[in-house]
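File shown: protein_33.txt. Contents: compact mmCIF, C-alpha atoms.
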```
# COMPACT_ATOMS: atom_id res chain seq x y z
CA MET A 208 -15.97 36.15 4.49
CA THR A 209 -12.71 38.00 4.26
CA ASN A 210 -9.30 36.57 4.55
CA THR A 211 -6.79 39.13 5.58
CA SER A 212 -3.59 37.13 5.23
CA PRO A 213 -2.73 35.27 2.04
CA GLY A 214 -1.17 32.50 4.13
CA HIS A 215 -4.54 31.86 5.68
CA THR A 216 -6.25 31.22 2.33
CA HIS A 217 -3.48 28.92 1.24
CA GLN A 218 -3.71 26.91 4.42
CA ILE A 219 -7.40 26.17 3.84
CA ASP A 220 -6.68 25.34 0.21
CA SER A 221 -4.15 22.60 0.90
CA GLU A 222 -6.05 21.24 3.88
CA THR A 223 -9.14 20.81 1.71
CA GLY A 224 -7.08 19.31 -1.09
CA LYS A 225 -5.63 16.76 1.23
CA MET A 226 -9.05 15.92 2.65
CA GLY A 227 -10.33 15.29 -0.87
CA MET A 228 -7.40 12.97 -1.49
CA TRP A 229 -8.21 11.03 1.68
CA LEU A 230 -11.83 10.65 0.53
CA PHE A 231 -10.58 9.25 -2.76
CA LEU A 232 -8.23 6.89 -0.93
CA PHE A 233 -11.22 5.55 1.03
CA THR A 234 -12.89 4.50 -2.22
CA GLU A 235 -9.65 2.76 -3.19
CA LEU A 236 -9.59 1.03 0.17
CA PHE A 237 -13.06 -0.37 -0.42
CA LEU A 238 -12.20 -1.36 -4.00
CA PHE A 239 -9.48 -3.62 -2.66
CA GLY A 240 -11.57 -4.32 0.43
CA GLY A 241 -14.12 -6.16 -1.67
CA LEU A 242 -11.38 -8.39 -3.03
CA PHE A 243 -9.94 -8.96 0.43
CA LEU A 244 -13.39 -9.93 1.63
CA ALA A 245 -13.82 -12.37 -1.25
CA TYR A 246 -10.39 -13.78 -0.43
CA ALA A 247 -11.26 -14.21 3.26
CA VAL A 248 -14.50 -16.05 2.61
CA LEU A 249 -13.20 -18.21 -0.26
CA ARG A 250 -10.13 -19.11 1.75
CA ASN A 251 -12.43 -20.61 4.33
CA THR A 252 -14.50 -22.57 1.85
CA HIS A 253 -11.55 -23.70 -0.31
CA SER A 254 -8.74 -23.86 2.25
CA GLU A 255 -6.95 -26.90 0.84
CA GLY A 256 -6.59 -25.59 -2.72
CA PHE A 257 -5.59 -22.17 -1.38
CA HIS A 258 -2.76 -23.71 0.63
CA LYS A 259 -1.56 -25.78 -2.30
CA ALA A 260 -1.67 -22.92 -4.79
CA ALA A 261 -0.18 -20.35 -2.40
CA ALA A 262 2.78 -22.66 -1.78
CA GLU A 263 3.60 -22.30 -5.50
CA LEU A 264 4.23 -18.55 -5.13
CA ASP A 265 7.80 -17.35 -4.78
CA ILE A 266 8.23 -16.01 -1.23
CA PHE A 267 11.65 -14.62 -2.15
CA ILE A 268 10.33 -12.36 -4.93
CA GLY A 269 7.43 -11.38 -2.69
CA THR A 270 9.76 -10.38 0.13
CA ILE A 271 12.05 -8.42 -2.20
CA ASN A 272 9.05 -6.54 -3.54
CA THR A 273 7.86 -5.77 -0.02
CA VAL A 274 11.27 -4.34 0.87
CA VAL A 275 11.32 -2.34 -2.39
CA LEU A 276 7.88 -0.82 -1.75
CA LEU A 277 8.67 0.03 1.88
CA MET A 278 11.88 1.77 0.78
CA SER A 279 10.01 3.69 -1.90
CA SER A 280 7.49 4.79 0.73
CA MET A 281 10.35 6.24 2.74
CA THR A 282 11.93 8.07 -0.20
CA VAL A 283 8.61 9.70 -1.14
CA ALA A 284 8.04 10.75 2.49
CA MET A 285 11.57 12.17 2.62
CA SER A 286 10.91 14.07 -0.59
CA ILE A 287 8.18 16.07 1.22
CA THR A 288 10.67 16.88 3.98
CA ALA A 289 13.18 18.02 1.35
CA LEU A 290 10.69 20.31 -0.40
CA GLN A 291 9.49 21.72 2.92
CA LYS A 292 13.12 22.59 3.65
CA ASP A 293 13.25 24.26 0.23
CA ASN A 294 15.71 21.70 -1.16
CA LYS A 295 14.20 21.28 -4.63
CA ARG A 296 17.03 19.19 -6.04
CA LEU A 297 16.94 16.64 -3.26
CA ALA A 298 13.15 16.46 -3.43
CA ILE A 299 13.31 15.65 -7.16
CA ARG A 300 16.10 13.12 -6.64
CA LEU A 301 14.11 11.35 -3.95
CA LEU A 302 11.09 11.23 -6.25
CA LEU A 303 13.27 9.78 -9.01
CA ALA A 304 14.49 7.16 -6.53
CA THR A 305 10.86 6.34 -5.73
CA ILE A 306 10.03 5.94 -9.43
CA PHE A 307 13.12 3.78 -9.87
CA LEU A 308 11.97 1.52 -7.03
CA ALA A 309 8.51 1.36 -8.63
CA GLY A 310 10.31 0.15 -11.78
CA VAL A 311 12.18 -2.51 -9.79
CA PHE A 312 8.87 -3.66 -8.35
CA MET A 313 7.31 -3.93 -11.80
CA VAL A 314 10.32 -5.82 -13.23
CA ASN A 315 10.09 -8.32 -10.38
CA LYS A 316 6.38 -8.65 -11.01
CA TYR A 317 7.11 -9.23 -14.70
CA PHE A 318 9.52 -12.07 -13.90
CA GLU A 319 7.08 -13.55 -11.43
CA TRP A 320 4.19 -13.53 -13.87
CA SER A 321 6.21 -14.69 -16.87
CA HIS A 322 7.48 -17.59 -14.78
CA LYS A 323 3.84 -18.56 -14.22
CA PHE A 324 3.07 -18.07 -17.91
CA GLU A 325 5.97 -20.36 -18.86
CA HIS A 326 4.11 -23.06 -16.98
CA HIS A 327 1.02 -22.14 -19.02
CA LEU A 328 -0.59 -20.86 -15.89
CA TRP A 329 -2.72 -17.91 -16.92
CA PRO A 330 -6.45 -17.45 -16.54
CA GLY A 331 -8.22 -19.47 -19.20
CA SER A 332 -5.27 -21.61 -20.30
CA GLU A 333 -5.67 -25.37 -20.61
CA VAL A 334 -3.40 -26.14 -17.64
CA TYR A 335 -5.22 -23.53 -15.60
CA LEU A 336 -8.66 -24.91 -16.34
CA ASN A 337 -7.53 -28.43 -15.44
CA LEU A 338 -6.53 -27.37 -11.94
CA GLU A 339 -8.77 -28.10 -9.01
CA ARG A 340 -11.64 -25.70 -8.66
CA SER A 341 -10.25 -24.26 -5.40
CA GLU A 342 -6.83 -23.63 -6.96
CA ILE A 343 -8.44 -21.83 -9.88
CA THR A 344 -10.22 -19.65 -7.33
CA PHE A 345 -6.92 -18.81 -5.64
CA TYR A 346 -5.13 -17.99 -8.89
CA GLY A 347 -8.11 -15.95 -10.05
CA LEU A 348 -7.84 -13.81 -6.92
CA TYR A 349 -4.05 -13.76 -7.17
CA TYR A 350 -4.06 -12.38 -10.72
CA MET A 351 -6.89 -9.97 -9.99
CA MET A 352 -5.42 -8.56 -6.77
CA THR A 353 -1.77 -8.32 -7.83
CA GLY A 354 -2.81 -7.08 -11.28
CA LEU A 355 -5.00 -4.33 -9.86
CA HIS A 356 -2.22 -3.47 -7.44
CA ALA A 357 0.37 -3.34 -10.24
CA LEU A 358 -1.96 -0.98 -12.14
CA HIS A 359 -1.95 1.27 -9.07
CA VAL A 360 1.85 1.16 -8.98
CA ILE A 361 1.91 2.40 -12.58
CA ILE A 362 -0.64 5.16 -11.91
CA GLY A 363 1.28 6.18 -8.78
CA ALA A 364 4.54 6.38 -10.72
CA ILE A 365 2.89 8.54 -13.41
CA LEU A 366 1.55 10.83 -10.67
CA LEU A 367 5.08 11.15 -9.26
CA VAL A 368 6.46 12.03 -12.72
CA VAL A 369 3.86 14.79 -13.04
CA THR A 370 4.83 16.02 -9.57
CA ILE A 371 8.50 16.21 -10.59
CA PHE A 372 7.58 18.43 -13.54
CA ARG A 373 5.45 20.66 -11.32
CA ILE A 374 8.35 21.03 -8.87
CA LYS A 375 10.74 21.79 -11.74
CA ALA A 376 8.31 24.39 -13.07
CA GLY A 377 8.27 25.97 -9.62
CA VAL A 378 4.51 25.49 -9.22
CA GLN A 379 5.11 23.20 -6.27
CA HIS A 380 7.50 24.77 -3.77
CA SER A 381 8.19 24.98 -0.04
CA GLY A 382 5.13 27.19 0.45
CA HIS A 383 2.72 25.13 -1.64
CA TYR A 384 3.21 21.42 -2.09
CA VAL A 385 -0.24 19.86 -1.88
CA LEU A 386 0.26 17.91 -5.13
CA LEU A 387 3.43 16.35 -3.76
CA GLU A 388 1.63 15.49 -0.53
CA ASN A 389 -1.30 13.93 -2.37
CA SER A 390 0.89 11.92 -4.75
CA ALA A 391 2.81 10.72 -1.71
CA LEU A 392 -0.45 9.74 0.01
CA TYR A 393 -1.45 7.75 -3.07
CA TRP A 394 1.93 6.07 -3.12
CA HIS A 395 1.66 5.14 0.55
CA LEU A 396 -1.76 3.60 -0.14
CA VAL A 397 -0.15 1.38 -2.80
CA ASP A 398 2.34 0.33 -0.14
CA LEU A 399 -0.41 -0.14 2.45
CA ILE A 400 -2.32 -2.54 0.20
CA TRP A 401 0.80 -4.53 -0.54
CA ILE A 402 1.45 -4.84 3.22
CA PHE A 403 -1.72 -6.95 3.40
CA LEU A 404 -1.45 -8.67 0.01
CA PHE A 405 2.01 -10.04 0.74
CA PRO A 406 1.24 -12.13 3.85
CA LEU A 407 -2.20 -13.16 2.60
CA LEU A 408 -1.06 -14.41 -0.81
CA TYR A 409 2.54 -15.48 -0.26
CA LEU A 410 3.07 -16.37 3.37
CA ILE A 411 -0.05 -18.11 4.61
CA THR A 412 0.36 -21.57 3.15
CA MET B 288 -2.80 21.90 12.70
CA LYS B 289 -4.30 25.32 13.32
CA ASN B 290 -4.34 27.98 10.65
CA GLY B 291 -1.23 30.08 10.59
CA GLU B 292 0.80 27.46 12.41
CA LYS B 293 3.87 26.23 10.61
CA PRO B 294 3.40 22.77 9.13
CA HIS B 295 5.25 19.99 10.92
CA ILE B 296 8.40 18.87 9.13
CA SER B 297 9.39 15.26 9.75
CA SER B 298 13.14 14.73 9.92
CA TYR B 299 15.00 12.45 7.52
CA THR B 300 16.20 10.39 10.48
CA SER B 301 12.68 9.74 11.72
CA HIS B 302 11.69 8.45 8.26
CA ALA B 303 14.73 6.18 8.23
CA ILE B 304 13.88 4.81 11.67
CA VAL B 305 10.31 4.09 10.56
CA LEU B 306 11.67 2.21 7.52
CA ILE B 307 13.97 0.10 9.69
CA ALA B 308 11.04 -0.76 11.96
CA LEU B 309 8.89 -1.72 8.96
CA LEU B 310 11.64 -3.88 7.47
CA ALA B 311 12.18 -5.60 10.82
CA LEU B 312 8.46 -6.39 11.02
CA THR B 313 8.55 -7.74 7.45
CA PHE B 314 11.37 -10.13 8.27
CA ILE B 315 9.58 -11.20 11.43
CA THR B 316 6.49 -12.20 9.39
CA VAL B 317 8.56 -14.06 6.82
CA PHE B 318 10.46 -15.81 9.59
CA VAL B 319 7.31 -16.70 11.54
CA SER B 320 5.67 -18.10 8.40
CA GLU B 321 8.59 -20.54 8.06
CA ILE B 322 7.73 -22.09 11.41
CA ASN B 323 4.25 -23.49 11.27
CA PHE B 324 1.95 -22.17 13.96
CA GLY B 325 -1.06 -23.75 12.30
CA ALA B 326 -4.17 -21.64 12.74
CA PHE B 327 -2.16 -19.00 14.59
CA SER B 328 0.01 -18.13 11.59
CA VAL B 329 -2.88 -16.32 9.88
CA GLY B 330 -3.52 -14.32 13.03
CA VAL B 331 0.15 -13.48 13.57
CA ALA B 332 0.58 -12.43 9.92
CA LEU B 333 -2.50 -10.20 10.05
CA ILE B 334 -1.54 -8.61 13.38
CA VAL B 335 1.97 -7.79 12.13
CA ALA B 336 0.49 -6.44 8.86
CA SER B 337 -1.90 -4.24 10.86
CA VAL B 338 0.93 -2.89 12.99
CA LYS B 339 2.85 -2.07 9.80
CA ALA B 340 -0.22 -0.42 8.27
CA VAL B 341 -0.77 1.77 11.34
CA THR B 342 2.92 2.73 11.31
CA VAL B 343 2.72 3.78 7.65
CA LEU B 344 -0.50 5.73 8.30
CA THR B 345 0.88 7.47 11.40
CA TYR B 346 4.35 8.45 10.23
CA PHE B 347 4.68 8.21 6.44
CA MET B 348 1.14 9.38 5.79
CA HIS B 349 1.70 12.00 8.46
CA LEU B 350 -1.55 11.37 10.36
CA LYS B 351 0.22 12.01 13.67
CA PHE B 352 0.62 15.65 12.70
CA GLU B 353 -2.64 16.09 10.80
CA ASN B 354 -5.67 17.93 12.18
CA ARG B 355 -8.05 16.03 14.43
CA PHE B 356 -10.82 15.86 11.84
CA THR B 357 -8.69 13.95 9.33
CA VAL B 358 -7.53 11.53 12.01
CA TRP B 359 -11.11 10.80 13.10
CA MET B 360 -12.24 10.46 9.51
CA VAL B 361 -9.51 7.95 8.66
CA SER B 362 -9.98 5.93 11.84
CA GLY B 363 -13.75 5.94 11.27
CA VAL B 364 -13.42 4.55 7.77
CA PHE B 365 -11.04 1.83 8.89
CA ILE B 366 -13.44 0.88 11.68
CA VAL B 367 -16.30 0.68 9.15
CA PHE B 368 -14.08 -1.48 6.95
CA ALA B 369 -13.30 -3.82 9.87
CA LEU B 370 -17.03 -4.00 10.70
CA VAL B 371 -17.87 -4.96 7.11
CA ILE B 372 -15.45 -7.87 7.38
CA VAL B 373 -16.67 -8.94 10.84
CA ILE B 374 -20.35 -8.75 9.87
CA THR B 375 -19.73 -10.72 6.67
CA PHE B 376 -18.04 -13.42 8.71
CA ILE B 377 -20.82 -13.54 11.27
CA ASP B 378 -23.31 -13.91 8.43
CA TYR B 379 -21.17 -16.55 6.79
CA LEU B 380 -20.55 -18.57 9.95
CA LEU B 381 -24.19 -18.58 11.05
CA ARG B 382 -25.56 -19.83 7.74
```
Could you quickly redo this structure as structure tokens?
Amino acid sequence: MTNTSPGHTHQIDSETGKMGMWLFLFTELFLFGGLFLAYAVLRNTHSEGFHKAAAELDIFIGTINTVVLLMSSMTVAMSITALQKDNKRLAIRLLLATIFLAGVFMVNKYFEWSHKFEHHLWPGSEVYLNLERSEITFYGLYYMMTGLHALHVIIGAILLVVTIFRIKAGVQHSGHYVLLENSALYWHLVDLIWIFLFPLLYLIT
Amino acid sequence: MKNGEKPHISSYTSHAIVLIALLALTFITVFVSEINFGAFSVGVALIVASVKAVTVLTYFMHLKFENRFTVWMVSGVFIVFALVIVITFIDYLLR
């Protein structure tokens, strides 16, 4: 097979790269999907404890974090627009804003968790083990799901840092930006998961 | 997108509008959860979350301007995911 125009080869390259990223995101979806499924079934069998425990969560912090993640999703999407328009500086600034918002999210999460820890409420603690069985189930899922999500926030932020360096080095530019697109896709997935975690854990009491 | 075609560039304004819509939906869910709809509140929360998810997928994740194959692939996987949940519940409810 011969490709006459270099643009043609490049097109296939980034399309395939993006497709690979989507395939990876599907595995992530099912990783969290398993936990969502466990949540759905256990919520039905242990509804009372779930309501009681969920009422203990801070809706305010949860809402702030939702707003923060949605904003960061916009800045990362805008960063693609900026790079496509060949505005490297703006693209990097928007990525920095995204990383900053990721930091805000993590700080909030830290306060939220440490507040729980102050009440000796961590998996395995004495207070924790003395809770009702159904509440333990809820907190188990809560720590597992938000913890796994927070890990994804950290990985996503690292990916964005790498992307900034690649843009600075000129490897990613207006003609070739598949890494930026894929990091952005990953970041949106983190947001997507939180969109479901927030109402399920914080709001439904 | 066909080969050789210029990639679609979303405008800054369109991203901002999408964000405003998403934030509005977020506040709606928080507000609705304050009033107790009983069994409905779960449904309402999940429907609003799904609308938000589709919005993120369509605009932020750029699916609206992606080639057909990607769109079908993503929708297919989400349908499979929904089926897994539905089938689990059928199994669970009929036990």
Proximity of chain B to chain A: per-residue shortest pair, 9 Å limit, only C-alpha atoms, as CSV:
```
residue,atom,partner,partner_atom,distance
B:Asn290,CA,A:His215,CA,6.3
B:Gly291,CA,A:His215,CA,6.2
B:Pro294,CA,A:Gln291,CA,8.8
B:Ile296,CA,A:Thr288,CA,6.0
B:Ser297,CA,A:Thr288,CA,6.1
B:Ser298,CA,A:Thr288,CA,6.8
B:Tyr299,CA,A:Met285,CA,6.0
B:His302,CA,A:Met281,CA,6.1
B:Ala303,CA,A:Met281,CA,7.0
B:Val305,CA,A:Met281,CA,8.1
B:Leu306,CA,A:Met281,CA,6.4
B:Leu309,CA,A:Leu277,CA,7.3
B:Leu310,CA,A:Val274,CA,6.6
B:Thr313,CA,A:Thr273,CA,7.8
B:Phe314,CA,A:Thr270,CA,8.3
B:Thr316,CA,A:Pro406,CA,7.6
B:Val317,CA,A:Leu410,CA,6.9
B:Ser320,CA,A:Leu410,CA,5.9
B:Glu321,CA,A:Leu410,CA,8.4
B:Ser328,CA,A:Ile411,CA,7.0
B:Val329,CA,A:Ile411,CA,6.2
B:Ala332,CA,A:Pro406,CA,6.1
B:Leu333,CA,A:Phe403,CA,7.4
B:Ala336,CA,A:Phe403,CA,5.9
B:Ser337,CA,A:Phe403,CA,7.9
B:Lys339,CA,A:Ile402,CA,7.3
B:Ala340,CA,A:Leu399,CA,5.8
B:Val343,CA,A:Leu399,CA,7.2
B:Leu344,CA,A:His395,CA,8.1
B:Tyr346,CA,A:Ala284,CA,8.9
B:Phe347,CA,A:Ala284,CA,5.8
B:Met348,CA,A:Leu392,CA,6.0
B:His349,CA,A:Ala284,CA,8.8
B:Asn354,CA,A:Glu222,CA,8.9
B:Thr357,CA,A:Met226,CA,7.0
B:Met360,CA,A:Trp229,CA,8.8
B:Val361,CA,A:Trp229,CA,7.7
B:Val364,CA,A:Phe233,CA,7.2
B:Phe365,CA,A:Phe233,CA,8.7
B:Phe368,CA,A:Phe237,CA,7.5
B:Val371,CA,A:Leu244,CA,8.6
B:Ile372,CA,A:Leu244,CA,6.4
B:Thr375,CA,A:Leu244,CA,8.1
B:Phe376,CA,A:Val248,CA,7.5
B:Tyr379,CA,A:Val248,CA,7.9
```
Quick one: axis-aligned box around all listed atoms of range 315-334 of chain B, 3 Å on every side, centre and edge lengths in Å to one decimal, written as AutoDock Vina command-line options.
```
--center_x 3.1 --center_y -16.2 --center_z 10.7 --size_x 20.6 --size_y 21.1 --size_z 13.8
```
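Atom pair CA of His258 in chain A / CA of Ser341 in chain A: separated by 9.6 Å.
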Tell me, as a ChimeraX atom specification, which residues lie within 12 Å of Tyr349 in chain A, counting all atoms listed in the file; anything in the same chain fewer than 5 positions away does not count. /A:242-243,245-246,257,260-261,263-264,319-320,323,328-330,342-344,354-357,404-405,407-409
Can you spit out the residues from that selection as a CSV table (one decimal), in the coordinates of the input, using C-alpha atoms?
```
chain,number,residue,atom,x,y,z
A,242,LEU,CA,-11.4,-8.4,-3.0
A,243,PHE,CA,-9.9,-9.0,0.4
A,245,ALA,CA,-13.8,-12.4,-1.2
A,246,TYR,CA,-10.4,-13.8,-0.4
A,257,PHE,CA,-5.6,-22.2,-1.4
A,260,ALA,CA,-1.7,-22.9,-4.8
A,261,ALA,CA,-0.2,-20.4,-2.4
A,263,GLU,CA,3.6,-22.3,-5.5
A,264,LEU,CA,4.2,-18.6,-5.1
A,319,GLU,CA,7.1,-13.6,-11.4
A,320,TRP,CA,4.2,-13.5,-13.9
A,323,LYS,CA,3.8,-18.6,-14.2
A,328,LEU,CA,-0.6,-20.9,-15.9
A,329,TRP,CA,-2.7,-17.9,-16.9
A,330,PRO,CA,-6.4,-17.4,-16.5
A,342,GLU,CA,-6.8,-23.6,-7.0
A,343,ILE,CA,-8.4,-21.8,-9.9
A,344,THR,CA,-10.2,-19.6,-7.3
A,354,GLY,CA,-2.8,-7.1,-11.3
A,355,LEU,CA,-5.0,-4.3,-9.9
A,356,HIS,CA,-2.2,-3.5,-7.4
A,357,ALA,CA,0.4,-3.3,-10.2
A,404,LEU,CA,-1.4,-8.7,0.0
A,405,PHE,CA,2.0,-10.0,0.7
A,407,LEU,CA,-2.2,-13.2,2.6
A,408,LEU,CA,-1.1,-14.4,-0.8
A,409,TYR,CA,2.5,-15.5,-0.3
```
Complete the atoms of range 230-248 of chain A to N, CA, C and O atoms and put them out as a PDB file, in the frame of the given file.
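Output file out23.pdb follows:
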```pdb
ATOM      1  N   LEU A 230     -10.529  11.207   0.923  1.00  0.00           N
ATOM      2  CA  LEU A 230     -11.830  10.650   0.530  1.00  0.00           C
ATOM      3  C   LEU A 230     -11.663   9.709  -0.642  1.00  0.00           C
ATOM      4  O   LEU A 230     -12.254   8.629  -0.699  1.00  0.00           O
ATOM      5  N   PHE A 231     -10.832  10.110  -1.604  1.00  0.00           N
ATOM      6  CA  PHE A 231     -10.580   9.250  -2.760  1.00  0.00           C
ATOM      7  C   PHE A 231      -9.895   7.950  -2.327  1.00  0.00           C
ATOM      8  O   PHE A 231     -10.240   6.861  -2.793  1.00  0.00           O
ATOM      9  N   LEU A 232      -8.937   8.081  -1.406  1.00  0.00           N
ATOM     10  CA  LEU A 232      -8.230   6.890  -0.930  1.00  0.00           C
ATOM     11  C   LEU A 232      -9.186   5.901  -0.252  1.00  0.00           C
ATOM     12  O   LEU A 232      -9.001   4.691  -0.339  1.00  0.00           O
ATOM     13  N   PHE A 233     -10.241   6.442   0.403  1.00  0.00           N
ATOM     14  CA  PHE A 233     -11.220   5.550   1.030  1.00  0.00           C
ATOM     15  C   PHE A 233     -11.914   4.685  -0.022  1.00  0.00           C
ATOM     16  O   PHE A 233     -12.153   3.503   0.201  1.00  0.00           O
ATOM     17  N   THR A 234     -12.238   5.296  -1.168  1.00  0.00           N
ATOM     18  CA  THR A 234     -12.890   4.500  -2.220  1.00  0.00           C
ATOM     19  C   THR A 234     -11.942   3.419  -2.723  1.00  0.00           C
ATOM     20  O   THR A 234     -12.353   2.307  -3.030  1.00  0.00           O
ATOM     21  N   GLU A 235     -10.655   3.751  -2.775  1.00  0.00           N
ATOM     22  CA  GLU A 235      -9.650   2.760  -3.190  1.00  0.00           C
ATOM     23  C   GLU A 235      -9.580   1.627  -2.176  1.00  0.00           C
ATOM     24  O   GLU A 235      -9.477   0.457  -2.532  1.00  0.00           O
ATOM     25  N   LEU A 236      -9.652   2.019  -0.907  1.00  0.00           N
ATOM     26  CA  LEU A 236      -9.590   1.030   0.170  1.00  0.00           C
ATOM     27  C   LEU A 236     -10.729   0.020   0.013  1.00  0.00           C
ATOM     28  O   LEU A 236     -10.535  -1.185   0.154  1.00  0.00           O
ATOM     29  N   PHE A 237     -11.922   0.540  -0.310  1.00  0.00           N
ATOM     30  CA  PHE A 237     -13.060  -0.370  -0.420  1.00  0.00           C
ATOM     31  C   PHE A 237     -13.039  -1.154  -1.727  1.00  0.00           C
ATOM     32  O   PHE A 237     -13.595  -2.254  -1.799  1.00  0.00           O
ATOM     33  N   LEU A 238     -12.385  -0.607  -2.751  1.00  0.00           N
ATOM     34  CA  LEU A 238     -12.200  -1.360  -4.000  1.00  0.00           C
ATOM     35  C   LEU A 238     -11.408  -2.631  -3.716  1.00  0.00           C
ATOM     36  O   LEU A 238     -11.813  -3.741  -4.081  1.00  0.00           O
ATOM     37  N   PHE A 239     -10.277  -2.448  -3.017  1.00  0.00           N
ATOM     38  CA  PHE A 239      -9.480  -3.620  -2.660  1.00  0.00           C
ATOM     39  C   PHE A 239     -10.149  -4.401  -1.544  1.00  0.00           C
ATOM     40  O   PHE A 239     -10.008  -5.621  -1.454  1.00  0.00           O
ATOM     41  N   GLY A 240     -10.878  -3.674  -0.681  1.00  0.00           N
ATOM     42  CA  GLY A 240     -11.570  -4.320   0.430  1.00  0.00           C
ATOM     43  C   GLY A 240     -12.499  -5.408  -0.044  1.00  0.00           C
ATOM     44  O   GLY A 240     -12.561  -6.488   0.555  1.00  0.00           O
ATOM     45  N   GLY A 241     -13.226  -5.151  -1.116  1.00  0.00           N
ATOM     46  CA  GLY A 241     -14.120  -6.160  -1.670  1.00  0.00           C
ATOM     47  C   GLY A 241     -13.371  -7.426  -2.031  1.00  0.00           C
ATOM     48  O   GLY A 241     -13.817  -8.547  -1.746  1.00  0.00           O
ATOM     49  N   LEU A 242     -12.190  -7.236  -2.643  1.00  0.00           N
ATOM     50  CA  LEU A 242     -11.380  -8.390  -3.030  1.00  0.00           C
ATOM     51  C   LEU A 242     -10.837  -9.122  -1.808  1.00  0.00           C
ATOM     52  O   LEU A 242     -10.785 -10.350  -1.770  1.00  0.00           O
ATOM     53  N   PHE A 243     -10.430  -8.341  -0.798  1.00  0.00           N
ATOM     54  CA  PHE A 243      -9.940  -8.960   0.430  1.00  0.00           C
ATOM     55  C   PHE A 243     -11.041  -9.786   1.087  1.00  0.00           C
ATOM     56  O   PHE A 243     -10.800 -10.874   1.607  1.00  0.00           O
ATOM     57  N   LEU A 244     -12.249  -9.239   1.043  1.00  0.00           N
ATOM     58  CA  LEU A 244     -13.390  -9.930   1.630  1.00  0.00           C
ATOM     59  C   LEU A 244     -13.653 -11.236   0.889  1.00  0.00           C
ATOM     60  O   LEU A 244     -13.852 -12.290   1.507  1.00  0.00           O
ATOM     61  N   ALA A 245     -13.629 -11.173  -0.446  1.00  0.00           N
ATOM     62  CA  ALA A 245     -13.820 -12.370  -1.250  1.00  0.00           C
ATOM     63  C   ALA A 245     -12.742 -13.395  -0.909  1.00  0.00           C
ATOM     64  O   ALA A 245     -13.010 -14.584  -0.739  1.00  0.00           O
ATOM     65  N   TYR A 246     -11.503 -12.905  -0.768  1.00  0.00           N
ATOM     66  CA  TYR A 246     -10.390 -13.780  -0.430  1.00  0.00           C
ATOM     67  C   TYR A 246     -10.655 -14.469   0.915  1.00  0.00           C
ATOM     68  O   TYR A 246     -10.508 -15.686   1.045  1.00  0.00           O
ATOM     69  N   ALA A 247     -11.061 -13.675   1.906  1.00  0.00           N
ATOM     70  CA  ALA A 247     -11.260 -14.210   3.260  1.00  0.00           C
ATOM     71  C   ALA A 247     -12.306 -15.319   3.268  1.00  0.00           C
ATOM     72  O   ALA A 247     -12.091 -16.382   3.848  1.00  0.00           O
ATOM     73  N   VAL A 248     -13.429 -15.062   2.605  1.00  0.00           N
ATOM     74  CA  VAL A 248     -14.500 -16.050   2.610  1.00  0.00           C
ATOM     75  C   VAL A 248     -14.115 -17.291   1.803  1.00  0.00           C
ATOM     76  O   VAL A 248     -14.275 -18.425   2.252  1.00  0.00           O
TER      77      VAL A 248
END
```
